[in-house]
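Novice: My structure is stored as query32.pdb, with PDB, C-alpha atoms.
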MODEL        1
ATOM      1  CA  MET A   1     -64.535 -10.046  94.290
ATOM      2  CA  SER A   2     -67.586  -8.356  92.813
ATOM      3  CA  SER A   3     -69.434  -8.213  89.492
ATOM      4  CA  ASP A   4     -71.724  -5.416  90.654
ATOM      5  CA  VAL A   5     -71.731  -2.627  88.052
ATOM      6  CA  ALA A   6     -73.077  -0.037  90.474
ATOM      7  CA  GLN A   7     -70.329  -0.791  92.990
ATOM      8  CA  PHE A   8     -67.704  -0.634  90.262
ATOM      9  CA  GLN A   9     -69.008   2.738  89.096
ATOM     10  CA  LYS A  10     -68.672   4.111  92.632
ATOM     11  CA  VAL A  11     -65.015   3.094  92.618
ATOM     12  CA  LEU A  12     -64.612   4.480  89.093
ATOM     13  CA  LYS A  13     -66.046   7.875  90.023
ATOM     14  CA  SER A  14     -63.740   8.167  93.026
ATOM     15  CA  SER A  15     -60.606   7.303  91.012
ATOM     16  CA  LYS A  16     -58.091   9.842  89.756
ATOM     17  CA  ASN A  17     -55.486   7.956  87.740
ATOM     18  CA  ILE A  18     -56.935   5.214  85.551
ATOM     19  CA  ILE A  19     -55.178   2.803  83.210
ATOM     20  CA  VAL A  20     -56.440   0.107  80.879
ATOM     21  CA  VAL A  21     -54.197  -2.860  80.149
ATOM     22  CA  ALA A  22     -55.528  -4.542  77.005
ATOM     23  CA  GLY A  23     -54.805  -7.915  75.445
ATOM     24  CA  ALA A  24     -55.875  -9.904  72.402
ATOM     25  CA  GLY A  25     -59.431 -10.377  73.663
ATOM     26  CA  LEU A  26     -60.086  -6.680  73.037
ATOM     27  CA  SER A  27     -59.878  -7.260  69.272
ATOM     28  CA  ALA A  28     -61.465 -10.709  69.101
ATOM     29  CA  ALA A  29     -64.908  -9.334  68.187
ATOM     30  CA  SER A  30     -63.294  -7.414  65.332
ATOM     31  CA  GLY A  31     -62.185 -10.683  63.753
ATOM     32  CA  ILE A  32     -58.542 -10.504  64.785
ATOM     33  CA  PRO A  33     -57.430 -14.062  65.631
ATOM     34  CA  THR A  34     -56.324 -14.494  69.225
ATOM     35  CA  PHE A  35     -52.966 -16.095  69.900
ATOM     36  CA  ARG A  36     -53.996 -18.631  72.504
ATOM     37  CA  GLY A  37     -56.968 -20.900  73.093
ATOM     38  CA  ALA A  38     -58.641 -23.263  70.674
ATOM     39  CA  GLY A  39     -57.774 -22.287  67.128
ATOM     40  CA  GLY A  40     -55.357 -19.586  68.295
ATOM     41  CA  LEU A  41     -52.625 -18.594  65.887
ATOM     42  CA  TRP A  42     -49.907 -19.673  68.275
ATOM     43  CA  ARG A  43     -51.399 -23.182  68.379
ATOM     44  CA  LYS A  44     -51.352 -23.503  64.608
ATOM     45  CA  HIS A  45     -47.929 -21.926  64.180
ATOM     46  CA  LYS A  46     -45.471 -22.154  67.051
ATOM     47  CA  ALA A  47     -44.706 -18.619  68.133
ATOM     48  CA  MET A  48     -41.043 -19.284  68.761
ATOM     49  CA  LYS A  49     -40.691 -20.286  65.131
ATOM     50  CA  LEU A  50     -42.232 -17.095  63.824
ATOM     51  CA  ALA A  51     -41.929 -14.241  66.316
ATOM     52  CA  THR A  52     -38.258 -13.931  67.217
ATOM     53  CA  PRO A  53     -35.272 -12.207  65.629
ATOM     54  CA  GLU A  54     -33.701 -15.643  65.270
ATOM     55  CA  ALA A  55     -36.682 -16.921  63.315
ATOM     56  CA  PHE A  56     -36.491 -13.957  60.968
ATOM     57  CA  HIS A  57     -32.763 -14.458  60.445
ATOM     58  CA  ALA A  58     -33.310 -18.148  59.705
ATOM     59  CA  ASN A  59     -36.314 -17.766  57.404
ATOM     60  CA  PRO A  60     -37.455 -14.219  56.603
ATOM     61  CA  SER A  61     -39.793 -15.518  53.888
ATOM     62  CA  LEU A  62     -41.804 -17.612  56.329
ATOM     63  CA  VAL A  63     -41.958 -14.840  58.929
ATOM     64  CA  TRP A  64     -43.029 -12.229  56.390
ATOM     65  CA  GLN A  65     -45.815 -14.492  55.134
ATOM     66  CA  PHE A  66     -47.133 -14.884  58.662
ATOM     67  CA  TYR A  67     -47.054 -11.132  59.285
ATOM     68  CA  HIS A  68     -48.529 -10.410  55.876
ATOM     69  CA  TYR A  69     -51.465 -12.587  56.959
ATOM     70  CA  ARG A  70     -51.790 -10.590  60.178
ATOM     71  CA  ARG A  71     -51.528  -7.285  58.298
ATOM     72  CA  GLU A  72     -54.288  -8.303  55.912
ATOM     73  CA  SER A  73     -56.490  -9.413  58.821
ATOM     74  CA  ALA A  74     -55.971  -6.071  60.548
ATOM     75  CA  LEU A  75     -56.698  -4.110  57.361
ATOM     76  CA  LYS A  76     -60.079  -5.809  57.000
ATOM     77  CA  ALA A  77     -61.035  -5.361  60.647
ATOM     78  CA  GLN A  78     -63.022  -2.524  62.212
ATOM     79  CA  PRO A  79     -62.988  -1.351  65.833
ATOM     80  CA  ASN A  80     -65.645  -2.971  67.990
ATOM     81  CA  ALA A  81     -67.686  -1.477  70.838
ATOM     82  CA  ALA A  82     -64.894  -2.044  73.365
ATOM     83  CA  HIS A  83     -62.341  -0.152  71.246
ATOM     84  CA  LYS A  84     -64.851   2.647  70.797
ATOM     85  CA  VAL A  85     -65.771   3.032  74.454
ATOM     86  CA  ILE A  86     -62.097   3.136  75.459
ATOM     87  CA  ALA A  87     -61.562   5.813  72.802
ATOM     88  CA  GLN A  88     -64.518   7.794  74.166
ATOM     89  CA  PHE A  89     -63.137   7.496  77.675
ATOM     90  CA  SER A  90     -59.848   8.918  76.361
ATOM     91  CA  VAL A  91     -61.545  12.235  75.556
ATOM     92  CA  PRO A  92     -60.957  14.475  78.584
ATOM     93  CA  SER A  93     -64.364  16.168  78.481
ATOM     94  CA  VAL A  94     -66.186  12.833  78.200
ATOM     95  CA  ARG A  95     -64.161  11.183  80.965
ATOM     96  CA  ASN A  96     -64.286  14.140  83.331
ATOM     97  CA  ALA A  97     -68.078  14.150  83.138
ATOM     98  CA  ILE A  98     -67.912  10.672  84.684
ATOM     99  CA  VAL A  99     -64.681  10.883  86.677
ATOM    100  CA  PRO A 100     -63.819  14.535  87.432
ATOM    101  CA  ASP A 101     -60.178  15.646  87.245
ATOM    102  CA  SER A 102     -58.940  12.225  86.186
ATOM    103  CA  THR A 103     -56.107  10.969  83.993
ATOM    104  CA  PHE A 104     -56.237   8.009  81.637
ATOM    105  CA  THR A 105     -53.958   5.901  79.451
ATOM    106  CA  LEU A 106     -54.605   2.758  77.417
ATOM    107  CA  ILE A 107     -51.649   0.376  77.577
ATOM    108  CA  THR A 108     -52.230  -2.153  74.833
ATOM    109  CA  GLN A 109     -50.342  -5.298  73.966
ATOM    110  CA  ASN A 110     -52.155  -5.464  70.632
ATOM    111  CA  VAL A 111     -50.406  -4.503  67.408
ATOM    112  CA  ASP A 112     -53.459  -4.389  65.112
ATOM    113  CA  GLY A 113     -53.912  -0.602  65.290
ATOM    114  CA  LEU A 114     -57.659  -0.799  65.936
ATOM    115  CA  SER A 115     -57.450   1.227  69.137
ATOM    116  CA  GLN A 116     -55.799   4.059  67.188
ATOM    117  CA  VAL A 117     -58.440   3.841  64.463
ATOM    118  CA  ALA A 118     -61.170   4.083  67.108
ATOM    119  CA  LEU A 119     -59.441   7.026  68.779
ATOM    120  CA  ASP A 120     -59.027   8.873  65.472
ATOM    121  CA  GLU A 121     -62.715   8.338  64.667
ATOM    122  CA  VAL A 122     -63.876   9.552  68.074
ATOM    123  CA  MET A 123     -61.649  12.606  67.945
ATOM    124  CA  LEU A 124     -63.415  13.758  64.777
ATOM    125  CA  LYS A 125     -66.345  14.536  67.062
ATOM    126  CA  TYR A 126     -64.124  16.460  69.479
ATOM    127  CA  PRO A 127     -61.770  18.462  67.256
ATOM    128  CA  ASP A 128     -60.863  20.866  70.065
ATOM    129  CA  GLU A 129     -59.482  17.937  72.069
ATOM    130  CA  ALA A 130     -57.815  16.039  69.233
ATOM    131  CA  THR A 131     -54.402  17.433  70.181
ATOM    132  CA  PRO A 132     -53.410  16.429  73.718
ATOM    133  CA  ALA A 133     -52.776  19.258  76.160
ATOM    134  CA  PRO A 134     -49.077  20.012  76.845
ATOM    135  CA  ASN A 135     -49.219  18.387  80.288
ATOM    136  CA  GLU A 136     -51.524  15.515  79.336
ATOM    137  CA  GLN A 137     -50.151  12.004  79.710
ATOM    138  CA  PRO A 138     -50.233   9.687  76.672
ATOM    139  CA  ARG A 139     -53.720   8.566  75.715
ATOM    140  CA  MET A 140     -52.393   5.279  74.360
ATOM    141  CA  LEU A 141     -49.158   3.292  74.442
ATOM    142  CA  GLU A 142     -48.727   0.374  72.018
ATOM    143  CA  MET A 143     -46.105  -1.516  73.992
ATOM    144  CA  HIS A 144     -45.578  -4.252  71.399
ATOM    145  CA  GLY A 145     -45.384  -1.903  68.431
ATOM    146  CA  ARG A 146     -47.629  -1.755  65.376
ATOM    147  CA  ILE A 147     -48.262  -4.384  62.702
ATOM    148  CA  PHE A 148     -48.033  -1.720  59.982
ATOM    149  CA  ASP A 149     -44.614  -0.474  61.049
ATOM    150  CA  VAL A 150     -41.808  -1.683  58.803
ATOM    151  CA  LEU A 151     -38.323  -1.631  60.311
ATOM    152  CA  CYS A 152     -34.961  -1.863  58.600
ATOM    153  CA  ALA A 153     -33.416  -5.180  59.630
ATOM    154  CA  SER A 154     -29.809  -4.157  58.974
ATOM    155  CA  GLY A 155     -29.210  -3.155  62.579
ATOM    156  CA  ILE A 156     -27.460  -0.041  61.319
ATOM    157  CA  CYS A 157     -30.033   2.088  59.525
ATOM    158  CA  ASP A 158     -32.925   1.544  61.998
ATOM    159  CA  HIS A 159     -35.325   3.359  59.656
ATOM    160  CA  ILE A 160     -38.959   2.668  60.512
ATOM    161  CA  GLU A 161     -42.030   3.713  58.589
ATOM    162  CA  PHE A 162     -45.778   3.234  58.792
ATOM    163  CA  ASN A 163     -47.010   1.326  55.748
ATOM    164  CA  LYS A 164     -50.577   0.053  55.234
ATOM    165  CA  ALA A 165     -50.037  -1.071  51.627
ATOM    166  CA  SER A 166     -51.921  -4.226  50.660
ATOM    167  CA  PRO A 167     -49.953  -6.251  49.861
ATOM    168  CA  ILE A 168     -46.787  -4.710  51.230
ATOM    169  CA  CYS A 169     -44.949  -6.319  48.311
ATOM    170  CA  GLU A 170     -46.155  -8.188  45.242
ATOM    171  CA  ALA A 171     -44.472 -11.483  46.200
ATOM    172  CA  LEU A 172     -46.640 -11.782  49.329
ATOM    173  CA  LYS A 173     -49.913 -11.237  47.479
ATOM    174  CA  GLY A 174     -52.284 -14.146  48.083
ATOM    175  CA  THR A 175     -50.013 -15.959  50.531
ATOM    176  CA  GLU A 176     -52.427 -15.104  53.364
ATOM    177  CA  GLU A 177     -54.667 -17.842  52.003
ATOM    178  CA  LEU A 178     -51.968 -20.415  52.755
ATOM    179  CA  ILE A 179     -51.812 -19.668  56.483
ATOM    180  CA  ASP A 180     -55.003 -21.452  57.475
ATOM    181  CA  LYS A 181     -53.969 -24.396  55.334
ATOM    182  CA  GLN A 182     -50.598 -24.415  57.121
ATOM    183  CA  SER A 183     -48.866 -24.594  53.783
ATOM    184  CA  MET A 184     -46.743 -21.464  53.761
ATOM    185  CA  ASP A 185     -44.052 -21.316  51.102
ATOM    186  CA  ALA A 186     -40.578 -20.758  52.485
ATOM    187  CA  THR A 187     -39.030 -20.139  49.095
ATOM    188  CA  ILE A 188     -39.851 -16.479  48.338
ATOM    189  CA  ALA A 189     -36.598 -14.868  47.266
ATOM    190  CA  LEU A 190     -35.067 -12.329  49.641
ATOM    191  CA  SER A 191     -34.925  -9.822  46.814
ATOM    192  CA  SER A 192     -38.727  -9.984  46.536
ATOM    193  CA  LEU A 193     -39.429  -9.313  50.219
ATOM    194  CA  PRO A 194     -39.904  -5.776  51.671
ATOM    195  CA  HIS A 195     -36.754  -3.657  51.744
ATOM    196  CA  CYS A 196     -35.799  -0.472  53.549
ATOM    197  CA  THR A 197     -36.741   2.628  51.569
ATOM    198  CA  GLN A 198     -33.691   4.435  52.954
ATOM    199  CA  CYS A 199     -30.750   2.026  52.680
ATOM    200  CA  GLY A 200     -32.159  -0.807  50.565
ATOM    201  CA  GLU A 201     -31.469  -3.566  53.071
ATOM    202  CA  LEU A 202     -34.053  -6.187  54.039
ATOM    203  CA  SER A 203     -36.890  -4.919  56.252
ATOM    204  CA  ARG A 204     -38.741  -6.726  59.021
ATOM    205  CA  PRO A 205     -42.117  -6.259  60.715
ATOM    206  CA  GLY A 206     -41.774  -3.442  63.233
ATOM    207  CA  VAL A 207     -43.410  -5.298  66.121
ATOM    208  CA  VAL A 208     -41.758  -6.366  69.363
ATOM    209  CA  TRP A 209     -40.752  -9.994  69.159
ATOM    210  CA  PHE A 210     -40.080 -12.525  71.897
ATOM    211  CA  GLY A 211     -36.731 -11.719  73.453
ATOM    212  CA  GLU A 212     -37.013  -8.016  72.611
ATOM    213  CA  GLU A 213     -37.858  -5.302  75.110
ATOM    214  CA  PRO A 214     -41.376  -3.850  74.947
ATOM    215  CA  LEU A 215     -41.700  -0.179  74.177
ATOM    216  CA  TYR A 216     -42.313   2.702  76.603
ATOM    217  CA  LEU A 217     -41.501   0.636  79.702
ATOM    218  CA  GLU A 218     -40.238   3.580  81.740
ATOM    219  CA  THR A 219     -43.344   5.628  80.968
ATOM    220  CA  ILE A 220     -45.622   2.657  81.643
ATOM    221  CA  ASP A 221     -43.986   1.975  85.004
ATOM    222  CA  LYS A 222     -44.582   5.576  86.084
ATOM    223  CA  LEU A 223     -48.233   5.432  85.025
ATOM    224  CA  VAL A 224     -48.753   2.111  86.796
ATOM    225  CA  ASP A 225     -47.123   3.386  89.979
ATOM    226  CA  LYS A 226     -49.553   6.292  90.260
ATOM    227  CA  ALA A 227     -52.668   4.446  89.029
ATOM    228  CA  ASP A 228     -55.486   3.899  91.529
ATOM    229  CA  LEU A 229     -57.668   1.921  89.111
ATOM    230  CA  CYS A 230     -56.516  -0.687  86.577
ATOM    231  CA  LEU A 231     -58.949  -2.114  84.027
ATOM    232  CA  VAL A 232     -57.668  -5.354  82.527
ATOM    233  CA  VAL A 233     -59.461  -5.868  79.214
ATOM    234  CA  GLY A 234     -59.292  -8.934  76.992
ATOM    235  CA  THR A 235     -56.595 -10.627  79.050
ATOM    236  CA  SER A 236     -56.112 -11.779  82.641
ATOM    237  CA  SER A 237     -54.578 -10.113  85.677
ATOM    238  CA  THR A 238     -52.699 -13.380  86.222
ATOM    239  CA  VAL A 239     -50.968 -13.301  82.809
ATOM    240  CA  TYR A 240     -47.958 -11.053  82.238
ATOM    241  CA  PRO A 241     -47.486  -8.223  81.614
ATOM    242  CA  ALA A 242     -50.982  -7.400  82.862
ATOM    243  CA  ALA A 243     -50.304  -9.441  85.989
ATOM    244  CA  GLY A 244     -47.386  -7.265  87.017
ATOM    245  CA  TYR A 245     -49.260  -4.023  86.404
ATOM    246  CA  ALA A 246     -52.420  -5.192  88.174
ATOM    247  CA  TYR A 247     -50.372  -6.444  91.119
ATOM    248  CA  THR A 248     -48.565  -3.123  91.461
ATOM    249  CA  VAL A 249     -51.808  -1.147  91.389
ATOM    250  CA  SER A 250     -53.329  -3.471  93.977
ATOM    251  CA  GLU A 251     -50.263  -3.331  96.222
ATOM    252  CA  ASN A 252     -50.397   0.463  96.060
ATOM    253  CA  GLY A 253     -53.970   0.398  97.350
ATOM    254  CA  GLY A 254     -55.735   0.705  94.013
ATOM    255  CA  ALA A 255     -58.521  -1.402  92.535
ATOM    256  CA  VAL A 256     -58.347  -3.923  89.676
ATOM    257  CA  ALA A 257     -61.304  -4.746  87.412
ATOM    258  CA  VAL A 258     -61.083  -7.536  84.825
ATOM    259  CA  PHE A 259     -63.193  -7.704  81.659
ATOM    260  CA  ASN A 260     -62.510 -11.073  80.095
ATOM    261  CA  LEU A 261     -64.030 -14.386  79.008
ATOM    262  CA  GLU A 262     -62.234 -16.334  81.721
ATOM    263  CA  GLY A 263     -62.317 -16.167  85.508
ATOM    264  CA  ASP A 264     -59.759 -14.306  87.589
ATOM    265  CA  ASP A 265     -59.289 -14.805  91.328
ATOM    266  CA  ASP A 266     -57.024 -11.829  91.965
ATOM    267  CA  ALA A 267     -59.245  -8.938  90.869
ATOM    268  CA  ASP A 268     -61.524  -6.704  92.921
ATOM    269  CA  PHE A 269     -64.103  -6.779  90.122
ATOM    270  CA  LEU A 270     -64.695  -9.450  87.515
ATOM    271  CA  PHE A 271     -67.009  -8.971  84.546
ATOM    272  CA  LEU A 272     -67.181 -12.215  82.618
ATOM    273  CA  GLY A 273     -68.228 -12.127  78.989
ATOM    274  CA  PRO A 274     -67.247 -10.426  75.751
ATOM    275  CA  CYS A 275     -65.578  -7.139  76.654
ATOM    276  CA  GLU A 276     -67.415  -5.362  73.834
ATOM    277  CA  GLU A 277     -70.548  -5.969  75.919
ATOM    278  CA  THR A 278     -69.322  -5.736  79.506
ATOM    279  CA  LEU A 279     -67.010  -2.713  79.219
ATOM    280  CA  PRO A 280     -69.492  -0.155  77.778
ATOM    281  CA  ARG A 281     -72.024  -1.188  80.426
ATOM    282  CA  ALA A 282     -69.533  -0.792  83.257
ATOM    283  CA  LEU A 283     -68.231   2.577  82.057
ATOM    284  CA  GLY A 284     -71.748   3.857  81.447
ATOM    285  CA  LEU A 285     -70.981   4.905  77.874
TER     286      LEU A 285
ENDMDL
END
Can you give me the file's structure in the form of structure tokens?

Specialist:
Amino acid sequence: MSSDVAQFQKVLKSSKNIIVVAGAGLSAASGIPTFRGAGGLWRKHKAMKLATPEAFHANPSLVWQFYHYRRESALKAQPNAAHKVIAQFSVPSVRNAIVPDSTFTLITQNVDGLSQVALDEVMLKYPDEATPAPNEQPRMLEMHGRIFDVLCASGICDHIEFNKASPICEALKGTEELIDKQSMDATIALSSLPHCTQCGELSRPGVVWFGEEPLYLETIDKLVDKADLCLVVGTSSTVYPAAGYAYTVSENGGAVAVFNLEGDDDADFLFLGPCEETLPRALGL
């Protein structure tokens, strides 16, 4: 295992098919609460009580208040240096100046939308490359969905729409302040919660919950299979799904580099520290 930037950059420059697998640590510097660790959201509010279809069926008011809190947090946040450098690396002309004739995709577990915001901002500087080429692979795959997607919960309509309204409905206004106090109100009437704009039935957050299948799995598997360099950012190569992707790349003869706050024994390169500091330095951007 190495933490030598120069050695990493040699491997980077010789790579052809590069993927980033990103976790919650990518957005930590932007003020998005991480799920695990001291003070993590999942410690304060048990995930299995809030992030499953069963939880929503049992108490949609409580689940919507939790996701309203997360929506409001994401709306206030701005991309940090790690988001921005990944976005820069997504631009073919920028990347090919460092790694000629290479491909790249960000596979993110995050639902906060900050990677897309960063990409949109960067692409304003490269308008000729804003639209991917016909044969270009996806620049980003949000495998757990997006916090601002609102999905019909009827199971029949399946209408989904992107909605950044704040608040998404009047009944949720101000309830974000109750989250940190752990005093969420489970009594908001169903009629006052978000409803489908197409069929009128109750809507749910359009993220992937525990027990549901992540998005784009077939595409991701193909990208992982051909990748010769995997950058694991803001998570660990020993925690799934990053673990499975990093293992596959390694087994196929590729290299794995981890940018995280915690140690990792399975990677070829380990850059400990905030990824908004370590990643730009390693990529040379």

Novice: Applying the PyMOL selection byres ((chain A and resi 106) around 9) to the file I just gave you, which residues come out? Please list them as a PyMOL selection string.

Specialist: chain A and resi 18-22+86-87+90+104-105+107-108+115+138-142

Novice: Can you list what the PyMOL selection byres ((chain A and resi 250) around 10) grabs from this structure, as JSON, numbers by chain?

Specialist: {"A": [227, 228, 229, 230, 244, 245, 246, 247, 248, 249, 251, 252, 253, 254, 255, 256, 266, 267, 268]}

Novice: Could you tell me, as a list in words, exactly which residues end up selected when the PyMOL selection byres ((chain A and resi 172) around 9) is applied to this structure?

Specialist: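 Those residues are Trp64, Gln65, His68, Pro167, Ile168, Cys169, Glu170, Ala171, Lys173, Gly174, Thr175, Glu176, Ile188, Ser192 and Leu193 of chain A.
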
Novice: Provide the atom CA of A:Gly25 to atom CA of A:Cys275 distance in Å, to one decimal place.

Specialist: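 Computing the Euclidean distance for atom CA of A:Gly25 and atom CA of A:Cys275 yields 7.6 Å.
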
Novice: For each of A:Gln9, A:Lys76, A:Ser3, A:Pro92, take the minimum atom-to-atom distance to A:Asp264, counting all atoms listed in the file, then give the residue where this is smallest.

Specialist: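 Among the listed residues, the smallest separation from A:Asp264 belongs to A:Ser3.
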
Novice: As a PyMOL selection string, please: the residues near A:Val207 (cut-off 9 Å, all atoms listed in the file, same-chain neighbours under 5 positions excluded).

Specialist: chain A and resi 111+144-151

Novice: Applying 12 Å and all atoms listed in the file, which residues near A:Asp120 remain after dropping the ones on its own chain fewer than 2 positions away? List them as a PDB file with C-alpha atoms, in the frame of the given file.

Specialist:
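Okay, this is what ended up in selection32.pdb:
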ATOM      1  CA  PRO A  79     -62.988  -1.351  65.833  1.00  0.00           C
ATOM      2  CA  HIS A  83     -62.341  -0.152  71.246  1.00  0.00           C
ATOM      3  CA  LYS A  84     -64.851   2.647  70.797  1.00  0.00           C
ATOM      4  CA  ILE A  86     -62.097   3.136  75.459  1.00  0.00           C
ATOM      5  CA  ALA A  87     -61.562   5.813  72.802  1.00  0.00           C
ATOM      6  CA  GLN A  88     -64.518   7.794  74.166  1.00  0.00           C
ATOM      7  CA  SER A  90     -59.848   8.918  76.361  1.00  0.00           C
ATOM      8  CA  VAL A  91     -61.545  12.235  75.556  1.00  0.00           C
ATOM      9  CA  GLY A 113     -53.912  -0.602  65.290  1.00  0.00           C
ATOM     10  CA  LEU A 114     -57.659  -0.799  65.936  1.00  0.00           C
ATOM     11  CA  SER A 115     -57.450   1.227  69.137  1.00  0.00           C
ATOM     12  CA  GLN A 116     -55.799   4.059  67.188  1.00  0.00           C
ATOM     13  CA  VAL A 117     -58.440   3.841  64.463  1.00  0.00           C
ATOM     14  CA  ALA A 118     -61.170   4.083  67.108  1.00  0.00           C
ATOM     15  CA  VAL A 122     -63.876   9.552  68.074  1.00  0.00           C
ATOM     16  CA  MET A 123     -61.649  12.606  67.945  1.00  0.00           C
ATOM     17  CA  LEU A 124     -63.415  13.758  64.777  1.00  0.00           C
ATOM     18  CA  LYS A 125     -66.345  14.536  67.062  1.00  0.00           C
ATOM     19  CA  TYR A 126     -64.124  16.460  69.479  1.00  0.00           C
ATOM     20  CA  PRO A 127     -61.770  18.462  67.256  1.00  0.00           C
ATOM     21  CA  GLU A 129     -59.482  17.937  72.069  1.00  0.00           C
ATOM     22  CA  ALA A 130     -57.815  16.039  69.233  1.00  0.00           C
ATOM     23  CA  THR A 131     -54.402  17.433  70.181  1.00  0.00           C
ATOM     24  CA  ARG A 139     -53.720   8.566  75.715  1.00  0.00           C
ATOM     25  CA  MET A 140     -52.393   5.279  74.360  1.00  0.00           C
TER      26      MET A 140
END

Novice: Figure out the distance between atom CA of A:Gln7 and atom CA of A:Glu262, please, to one decimal in Å.

Specialist: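 For atom CA of A:Glu262 relative to atom CA of A:Gln7, the distance reads 20.8 Å.
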
Novice: Tell me, in Å to one decimal, how far atom CA of A:Ala97 is from atom CA of A:Leu285.

Specialist: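 That distance, rounded to one decimal, is 11.0 Å.
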
Novice: Between A:His57, A:Arg70, A:Lys13, A:Lys226, which one has atoms that come closest to A:Asp101, using all atoms listed in the file?

Specialist: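 The closest residue to A:Asp101 is A:Lys13.
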
Novice: Restricting the calculation to all atoms listed in the file: of A:Ala243, A:Thr219, A:His159, A:Ser203, which residue gets closest to A:Asp265?

Specialist: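 With all atoms listed in the file as the atom set, the closest residue is A:Ala243.
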
Novice: Which residue out of A:Gly23, A:Gly211, A:Gly206, A:Gly200 has the minimum interatomic distance to A:Thr52 when only C-alpha atoms are used?

Specialist: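 With only C-alpha atoms as the atom set, the closest residue is A:Gly211.
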
Novice: Kindly indicate which residue among A:Ile32, A:Leu223, A:Ala55, A:Ala165 lies nearest to A:Lys16, using all atoms listed in the file for the distances.

Specialist: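 Residue with the minimum atom-to-atom distance to A:Lys16: A:Leu223.
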
Novice: Could you tell me which of A:Gln109, A:Gly31, A:Val233, A:Ala74 comes closest to A:Ala282 if we count only C-alpha atoms?

Specialist: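 The answer is A:Val233, which sits nearest to A:Ala282.
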